[in-house]
$ cat coords_23.txt   # compact mmCIF, C-alpha atoms and all ligand atoms
# COMPACT_ATOMS: atom_id res chain seq x y z
CA MET A 1 116.63 85.27 74.59
CA GLY A 2 115.30 87.37 77.45
CA ARG A 3 112.09 86.46 79.23
CA LEU A 4 110.55 89.83 78.30
CA ASP A 5 112.15 90.45 74.92
CA GLY A 6 110.60 93.47 73.21
CA ARG A 7 107.85 93.98 75.78
CA VAL A 8 107.02 97.48 76.98
CA ALA A 9 106.92 97.85 80.76
CA LEU A 10 105.59 100.90 82.61
CA ILE A 11 106.72 101.02 86.24
CA THR A 12 105.48 103.71 88.62
CA GLY A 13 107.63 104.84 91.54
CA GLY A 14 110.61 103.63 89.53
CA ALA A 15 113.11 106.14 90.92
CA SER A 16 113.72 104.26 94.14
CA GLY A 17 113.61 100.99 96.06
CA LEU A 18 111.47 98.22 94.63
CA GLY A 19 110.45 100.08 91.46
CA ALA A 20 114.06 100.80 90.49
CA GLU A 21 114.98 97.13 91.02
CA ASP A 22 111.94 96.01 88.97
CA ALA A 23 113.17 98.28 86.18
CA ARG A 24 116.70 96.81 86.27
CA VAL A 25 115.50 93.21 86.33
CA MET A 26 112.95 93.67 83.56
CA ALA A 27 115.41 95.54 81.32
CA ARG A 28 117.95 92.75 81.85
CA GLU A 29 115.32 90.36 80.47
CA GLY A 30 114.80 92.45 77.33
CA ALA A 31 111.92 94.77 78.26
CA ARG A 32 111.74 98.37 77.07
CA VAL A 33 111.30 100.06 80.43
CA VAL A 34 109.50 103.31 81.15
CA LEU A 35 109.92 104.34 84.74
CA THR A 36 107.85 107.15 86.19
CA ASP A 37 108.08 109.05 89.46
CA VAL A 38 107.74 112.45 91.08
CA GLN A 39 111.47 112.40 91.97
CA GLN A 40 112.84 113.79 88.72
CA ASP A 41 116.61 113.84 89.36
CA GLN A 42 116.61 110.41 90.91
CA GLY A 43 114.33 109.00 88.18
CA GLU A 44 116.56 110.34 85.42
CA LYS A 45 119.62 108.93 87.18
CA VAL A 46 118.13 105.43 87.49
CA ALA A 47 116.90 105.47 83.87
CA ALA A 48 120.33 106.58 82.62
CA GLU A 49 121.89 103.47 84.19
CA ILE A 50 119.46 101.08 82.48
CA PRO A 51 119.94 100.38 78.77
CA GLY A 52 117.00 101.66 76.73
CA ALA A 53 115.05 102.91 79.76
CA ILE A 54 113.32 106.27 79.87
CA TYR A 55 112.05 108.35 82.78
CA LEU A 56 108.83 110.37 82.77
CA ARG A 57 107.68 112.74 85.48
CA HIS A 58 104.37 111.44 86.75
CA ASP A 59 102.31 112.07 89.86
CA VAL A 60 100.32 108.84 90.05
CA SER A 61 97.52 110.48 92.03
CA SER A 62 96.76 112.80 89.10
CA GLU A 63 94.31 111.59 86.45
CA THR A 64 95.69 114.14 83.98
CA ASP A 65 99.23 112.87 84.52
CA TRP A 66 98.09 109.31 83.81
CA GLN A 67 96.42 110.41 80.57
CA LYS A 68 99.60 112.24 79.49
CA VAL A 69 102.00 109.44 80.44
CA VAL A 70 99.95 106.72 78.76
CA ALA A 71 99.56 108.84 75.60
CA HIS A 72 103.32 109.46 75.56
CA VAL A 73 104.26 105.80 75.95
CA VAL A 74 101.68 104.63 73.40
CA GLY A 75 102.97 107.33 71.04
CA LEU A 76 106.50 105.91 71.41
CA TYR A 77 105.84 102.17 71.38
CA GLY A 78 102.24 101.69 70.22
CA HIS A 79 101.15 99.70 73.27
CA ILE A 80 102.01 98.74 76.87
CA ASP A 81 102.49 95.05 77.77
CA ILE A 82 103.32 95.32 81.47
CA LEU A 83 102.10 97.76 84.11
CA VAL A 84 103.60 97.77 87.60
CA ASN A 85 101.57 100.00 89.92
CA ASN A 86 104.35 100.36 92.47
CA ALA A 87 104.51 104.01 93.62
CA GLY A 88 103.77 104.49 97.27
CA LEU A 89 104.43 106.35 100.47
CA VAL A 90 103.69 105.88 104.12
CA ARG A 91 102.60 108.19 106.92
CA PHE A 92 102.66 106.91 110.49
CA GLY A 93 100.07 107.45 113.20
CA THR A 94 97.30 105.52 114.87
CA ILE A 95 93.66 106.17 114.07
CA GLU A 96 93.60 108.68 116.93
CA GLU A 97 96.74 110.50 115.81
CA MET A 98 96.55 110.58 112.00
CA SER A 99 95.09 113.61 110.25
CA PHE A 100 92.39 113.12 107.63
CA ALA A 101 94.73 114.80 105.13
CA ASP A 102 97.40 112.12 105.70
CA TYR A 103 94.77 109.41 105.39
CA LYS A 104 93.61 110.83 102.06
CA LEU A 105 97.15 111.31 100.76
CA GLN A 106 97.90 107.61 101.17
CA ILE A 107 94.62 106.53 99.58
CA ASP A 108 95.27 108.90 96.64
CA VAL A 109 98.86 107.84 96.02
CA MET A 110 98.31 104.10 96.34
CA LEU A 111 94.67 103.07 95.87
CA ASP A 112 93.41 105.80 93.51
CA SER A 113 96.58 105.53 91.44
CA THR A 114 96.09 101.80 91.00
CA PHE A 115 92.55 102.42 89.78
CA LEU A 116 93.75 105.10 87.36
CA GLY A 117 96.70 103.07 86.09
CA CYS A 118 94.56 100.03 85.33
CA LYS A 119 91.79 102.16 83.81
CA TYR A 120 94.04 104.06 81.40
CA VAL A 121 96.53 101.31 80.51
CA ILE A 122 94.21 98.32 79.90
CA PRO A 123 92.83 99.78 76.64
CA HIS A 124 96.41 99.83 75.30
CA MET A 125 97.41 96.31 76.34
CA PRO A 126 97.62 93.51 73.77
CA HIS A 127 95.13 90.60 73.88
CA ASP A 128 97.72 87.97 72.99
CA GLY A 129 98.57 86.89 76.53
CA LYS A 130 101.48 89.30 77.02
CA GLY A 131 99.42 91.81 79.02
CA SER A 132 100.24 91.66 82.73
CA ILE A 133 99.42 94.07 85.55
CA ILE A 134 101.21 93.82 88.89
CA ASN A 135 99.86 95.95 91.72
CA MET A 136 102.10 96.48 94.75
CA ALA A 137 100.14 95.75 97.92
CA SER A 138 101.63 94.95 101.33
CA ILE A 139 101.12 92.56 104.20
CA GLY A 140 99.72 95.70 105.87
CA GLY A 141 96.67 95.09 103.65
CA ILE A 142 96.21 91.62 105.17
CA LYS A 143 97.10 91.92 108.84
CA GLY A 144 96.42 94.82 111.18
CA ILE A 145 99.25 97.25 112.01
CA SER A 146 98.15 99.98 114.42
CA ALA A 147 100.76 102.52 113.25
CA ILE A 148 99.59 102.55 109.60
CA PRO A 149 95.78 102.35 109.35
CA ALA A 150 95.50 104.39 106.14
CA TYR A 151 98.39 102.60 104.42
CA ALA A 152 96.78 99.30 105.39
CA ALA A 153 93.42 100.43 103.99
CA ALA A 154 95.01 101.44 100.69
CA LYS A 155 96.85 98.13 100.38
CA GLY A 156 93.83 96.04 101.36
CA GLY A 157 91.86 97.96 98.75
CA ILE A 158 94.50 97.19 96.14
CA ILE A 159 94.23 93.46 96.85
CA ALA A 160 90.43 93.55 96.53
CA MET A 161 90.45 95.75 93.40
CA THR A 162 93.03 93.52 91.74
CA ARG A 163 90.67 90.53 91.92
CA SER A 164 87.77 92.48 90.41
CA ILE A 165 89.88 93.85 87.56
CA ALA A 166 91.22 90.36 86.84
CA ILE A 167 87.66 89.06 86.54
CA HIS A 168 86.74 91.96 84.25
CA CYS A 169 89.66 91.16 81.94
CA ARG A 170 88.66 87.49 81.84
CA GLU A 171 84.99 88.34 81.16
CA GLN A 172 86.07 90.55 78.28
CA GLY A 173 88.38 87.87 76.85
CA TYR A 174 91.37 90.23 77.01
CA HIS A 175 93.95 87.61 78.16
CA ILE A 176 95.37 90.27 80.48
CA ARG A 177 96.49 88.93 83.86
CA VAL A 178 96.11 91.09 86.96
CA ASN A 179 97.82 90.21 90.24
CA SER A 180 99.09 91.87 93.38
CA ILE A 181 102.15 91.25 95.51
CA ALA A 182 102.18 91.79 99.27
CA PRO A 183 105.74 92.20 100.53
CA GLY A 184 106.75 92.12 104.17
CA GLY A 185 109.68 94.28 105.24
CA ILE A 186 112.14 94.89 102.39
CA VAL A 187 115.24 97.08 102.68
CA THR A 188 114.43 100.32 100.78
CA PRO A 189 114.34 104.06 101.53
CA MET A 190 110.72 103.61 102.67
CA THR A 191 111.64 101.14 105.40
CA ALA A 192 114.64 103.26 106.41
CA GLN A 193 112.11 106.08 106.95
CA ALA A 194 109.98 103.73 109.08
CA VAL A 195 112.91 102.74 111.26
CA ALA A 196 113.72 106.42 111.79
CA ALA A 197 110.12 107.42 112.50
CA LEU A 198 108.94 104.66 114.81
CA ASP A 199 109.88 103.76 118.33
CA VAL A 200 112.29 100.80 118.39
CA GLU A 201 109.72 98.88 120.44
CA ASP A 202 106.94 99.44 117.88
CA PRO A 203 105.24 96.06 117.29
CA GLY A 204 105.44 96.47 113.48
CA LEU A 205 109.21 96.96 113.60
CA LYS A 206 109.60 94.08 116.02
CA GLN A 207 107.74 91.78 113.59
CA ASN A 208 110.11 92.84 110.80
CA ARG A 209 113.12 92.13 112.97
CA ASP A 210 111.76 88.72 113.94
CA HIS A 211 111.27 87.68 110.32
CA GLY A 212 114.29 89.42 108.83
CA MET A 213 114.24 92.01 106.09
CA GLY A 214 114.17 91.01 102.42
CA GLN A 215 115.99 92.63 99.52
CA PRO A 216 114.38 94.41 96.52
CA ALA A 217 115.39 91.50 94.29
CA ASP A 218 113.12 89.21 96.35
CA ILE A 219 110.18 91.22 95.03
CA ALA A 220 111.54 92.07 91.56
CA ASN A 221 112.03 88.37 90.75
CA MET A 222 108.32 87.75 91.43
CA VAL A 223 107.37 90.82 89.39
CA LEU A 224 109.42 89.35 86.55
CA TYR A 225 107.77 85.95 86.93
CA LEU A 226 104.27 87.44 86.84
CA ALA A 227 105.18 89.68 83.90
CA SER A 228 106.66 86.84 81.86
CA ASP A 229 105.06 83.84 80.15
CA GLU A 230 106.05 81.72 83.13
CA GLY A 231 103.21 83.36 85.09
CA ARG A 232 100.68 82.67 82.33
CA HIS A 233 98.35 80.60 84.57
CA ILE A 234 98.20 83.13 87.42
CA THR A 235 95.60 85.86 87.60
CA GLY A 236 93.46 87.52 90.26
CA THR A 237 95.70 86.47 93.09
CA ASN A 238 97.78 88.14 95.78
CA ILE A 239 101.25 86.73 96.35
CA VAL A 240 102.65 87.21 99.84
CA ILE A 241 106.45 87.55 100.11
CA ASP A 242 107.17 88.03 103.79
CA ASN A 243 109.33 85.18 105.09
CA GLY A 244 106.32 83.90 107.00
CA GLU A 245 105.42 87.08 108.86
CA THR A 246 101.67 86.76 108.25
CA ILE A 247 101.52 83.13 109.38
CA GLY A 248 102.64 84.04 112.89
N1 LIG A 301 109.80 98.29 101.29
C1 LIG A 301 108.90 97.51 101.89
O1 LIG A 301 109.16 96.87 102.92
C2 LIG A 301 107.52 97.41 101.33
C3 LIG A 301 106.62 96.50 101.92
C4 LIG A 301 105.35 96.37 101.41
C5 LIG A 301 104.95 97.15 100.34
N2 LIG A 301 105.82 98.04 99.79
C6 LIG A 301 105.33 98.84 98.66
O2 LIG A 301 106.24 98.78 97.60
C7 LIG A 301 106.17 99.99 96.83
C8 LIG A 301 107.56 100.58 96.68
O3 LIG A 301 108.04 100.94 97.96
P1 LIG A 301 109.58 101.12 98.30
O4 LIG A 301 109.83 100.39 99.55
O5 LIG A 301 110.41 100.84 97.10
O6 LIG A 301 109.60 102.68 98.68
P2 LIG A 301 110.45 103.90 98.09
O7 LIG A 301 110.10 105.04 98.95
O8 LIG A 301 111.87 103.53 97.95
O9 LIG A 301 109.85 104.10 96.63
C9 LIG A 301 108.57 104.61 96.40
C10 LIG A 301 108.62 105.52 95.20
O10 LIG A 301 107.30 106.00 94.95
C11 LIG A 301 107.42 107.35 94.56
N3 LIG A 301 106.18 108.11 94.76
C12 LIG A 301 105.65 108.52 95.93
N4 LIG A 301 104.57 109.26 95.69
C13 LIG A 301 104.40 109.32 94.34
C14 LIG A 301 103.46 109.95 93.48
N5 LIG A 301 102.44 110.67 93.95
N6 LIG A 301 103.61 109.77 92.15
C15 LIG A 301 104.63 109.04 91.66
N7 LIG A 301 105.56 108.45 92.41
C16 LIG A 301 105.44 108.59 93.74
C17 LIG A 301 108.55 107.90 95.42
O11 LIG A 301 109.08 109.09 94.88
C18 LIG A 301 109.52 106.73 95.41
O12 LIG A 301 110.47 106.85 94.36
C19 LIG A 301 105.21 100.90 97.60
O13 LIG A 301 103.91 100.80 97.03
C20 LIG A 301 105.20 100.32 98.98
O14 LIG A 301 104.04 100.62 99.68
C21 LIG A 301 107.08 98.19 100.26
$ encode --input "coords_23.txt" --output "structure tokens"
Amino acid sequence: MGRLDGRVALITGGASGLGAEDARVMAREGARVVLTDVQQDQGEKVAAEIPGAIYLRHDVSSETDWQKVVAHVVGLYGHIDILVNNAGLVRFGTIEEMSFADYKLQIDVMLDSTFLGCKYVIPHMPHDGKGSIINMASIGGIKGISAIPAYAAAKGGIIAMTRSIAIHCREQGYHIRVNSIAPGGIVTPMTAQAVAALDVEDPGLKQNRDHGMGQPADIANMVLYLASDEGRHITGTNIVIDNGETIG
């Protein structure tokens, strides 16, 4: 028996890093995984390695794409049990350096997409306790990091929106749980990009070095826990996984 036997899981940003690991872990536990991403070749490659998984091209900042993807998955499986709003990107620059376009890009791809994902998937989630939404935040949404003000704003917004959506689901009696996870530094292509882009003395990088980098499985195991019945008493919360970085 797998912990997610027969459940349908939609994971955004599933072609790489944390999303790809979430897909592997959830499929191992019996979920029917749909991974979506803008990276088509990479998404198809990851899906081909996971039994039963499918890849769909999906720009999470597009409302039309969300409508199409949700309709496609519901057409295939009838419903969606688990939604992982994981897709993301980062652009570096202080408030004085960053363009408004880069600010908006990060808000679109992370905060707006989380709004759209929850909005379009909740109507297709079951009300039997299997519905679980996991929104990928970051410790950048909790503590200040001067090099990523827009990323931090998007992630802080995700944490706040998660709580409000969780309350909505409870008020409606949906039995859908809604949580966010705030990782610290985890080894993925995104953090490799950060190491390449930032000065080695950047305070954000120094913090990561001081606390050590985690592995994608450190996050995927929590995603699995929240998605499974083991997380049945957890909703509206933000789970920090950062080896103590935010406590000093
Ligand atoms: N790696 C870390 O240390 C870390 C820390 C905190 C939070 N996070 C968050 O975890 C999530 C996954 O990050 P990762 O480290 O695996 O990065 P990653 O770059 O390996 O993966 C992100 C994926 O999102 C996809 N994506 C980007 N824009 C998209 C769009 N418009 N539509 C659909 N897909 C899009 C990318 O193609 C990529 O496959 C992100 O939300 C990130 O902010 C990561």
$ residues_near_ligand --input "coords_23.txt" --ligand "ligand LIG 301 (chain A)" --cutoff "8 Å" --atoms "all atoms listed in the file" --output "PyMOL selection string"
chain A and resi 12-20+36-39+42-43+57-62+85-90+108-110+136-140+151+155+182-191+213-214+216
$ closest_residue --input "coords_23.txt" --among "A:Ile11, A:Ala150, A:Pro126, A:Glu201" --to "A:Arg91" --atoms "only C-alpha atoms"
A:Ala150
$ residues_around --input "coords_23.txt" --residues "A:Phe100" --least-positions-apart "5" --cutoff "12 Å" --atoms "all atoms listed in the file" --output "list in words"
Arg91, Gly93, Thr94, Ile95, Leu105, Gln106, Ile107, Pro149 and Ala150 of chain A
$ write_last_selection --input "coords_23.txt" --atoms "C-alpha atoms" --output "compact mmCIF listing (two decimals), keeping the file's coordinate frame"
# COMPACT_ATOMS: atom_id res chain seq x y z
CA ARG A 91 102.60 108.19 106.92
CA GLY A 93 100.07 107.45 113.20
CA THR A 94 97.30 105.52 114.87
CA ILE A 95 93.66 106.17 114.07
CA LEU A 105 97.15 111.31 100.76
CA GLN A 106 97.90 107.61 101.17
CA ILE A 107 94.62 106.53 99.58
CA PRO A 149 95.78 102.35 109.35
CA ALA A 150 95.50 104.39 106.14
$ closest_residue --input "coords_23.txt" --among "A:Val25, A:Ile142, A:Cys169, A:Val8" --to "A:Ile239" --atoms "only C-alpha atoms"
A:Ile142
$ atom_distance --input "coords_23.txt" --atom1 "atom CA of A:Ala53" --atom2 "atom CA of A:His175"
26.1 Å
$ closest_residue --input "coords_23.txt" --among "A:Ala196, A:Ile50, A:Met222, A:Val84" --to "A:Val178" --atoms "all atoms listed in the file"
A:Val84
$ residues_around --input "coords_23.txt" --residues "A:Ile159" --least-positions-apart "2" --cutoff "7 Å" --atoms "all atoms listed in the file" --output "VMD selection string"
chain A and resid 137 155 to 157 161 to 163 180 238
$ atom_distance --input "coords_23.txt" --atom1 "atom CA of A:Lys119" --atom2 "atom CA of A:Val223"
20.1 Å
$ atom_distance --input "coords_23.txt" --atom1 "atom CA of A:Gly6" --atom2 "atom CA of A:Thr235"
22.1 Å
$ closest_residue --input "coords_23.txt" --among "A:Val70, A:Ala47, A:Ile176, A:Val34" --to "A:Ile133" --atoms "only C-alpha atoms"
A:Ile176
$ closest_residue --input "coords_23.txt" --among "A:Gly117, A:Pro123, A:Gly144, A:Gly52" --to "A:Thr246" --atoms "all atoms listed in the file"
A:Gly144
$ axis_aligned_box --input "coords_23.txt" --around "stretch 194-209 of chain A" --padding-each-side "8 Å" --output "lines of an AutoDock Vina configuration file"
center_x = 109.5
center_y = 99.6
center_z = 114.8
size_x = 24.5
size_y = 31.6
size_z = 27.4
$ closest_residue --input "coords_23.txt" --among "A:Asp65, A:Gly131, A:Asn179, A:Asn221" --to "A:Ala23" --atoms "all atoms listed in the file"
A:Asn221
$ residues_around --input "coords_23.txt" --residues "A:Arg28" --least-positions-apart "6" --cutoff "12 Å" --atoms "all atoms listed in the file" --output "PDB file with C-alpha atoms, in the coordinates of the input"
ATOM      1  CA  MET A   1     116.630  85.270  74.590  1.00  0.00           C
ATOM      2  CA  GLY A   2     115.300  87.370  77.450  1.00  0.00           C
ATOM      3  CA  ARG A   3     112.090  86.460  79.230  1.00  0.00           C
ATOM      4  CA  LEU A   4     110.550  89.830  78.300  1.00  0.00           C
ATOM      5  CA  ASP A   5     112.150  90.450  74.920  1.00  0.00           C
ATOM      6  CA  GLY A   6     110.600  93.470  73.210  1.00  0.00           C
ATOM      7  CA  ARG A   7     107.850  93.980  75.780  1.00  0.00           C
ATOM      8  CA  GLU A  21     114.980  97.130  91.020  1.00  0.00           C
ATOM      9  CA  ASP A  22     111.940  96.010  88.970  1.00  0.00           C
ATOM     10  CA  GLU A  49     121.890 103.470  84.190  1.00  0.00           C
ATOM     11  CA  ILE A  50     119.460 101.080  82.480  1.00  0.00           C
ATOM     12  CA  PRO A  51     119.940 100.380  78.770  1.00  0.00           C
ATOM     13  CA  GLY A  52     117.000 101.660  76.730  1.00  0.00           C
ATOM     14  CA  ALA A  53     115.050 102.910  79.760  1.00  0.00           C
ATOM     15  CA  ALA A 220     111.540  92.070  91.560  1.00  0.00           C
ATOM     16  CA  ASN A 221     112.030  88.370  90.750  1.00  0.00           C
ATOM     17  CA  LEU A 224     109.420  89.350  86.550  1.00  0.00           C
TER      18      LEU A 224
END
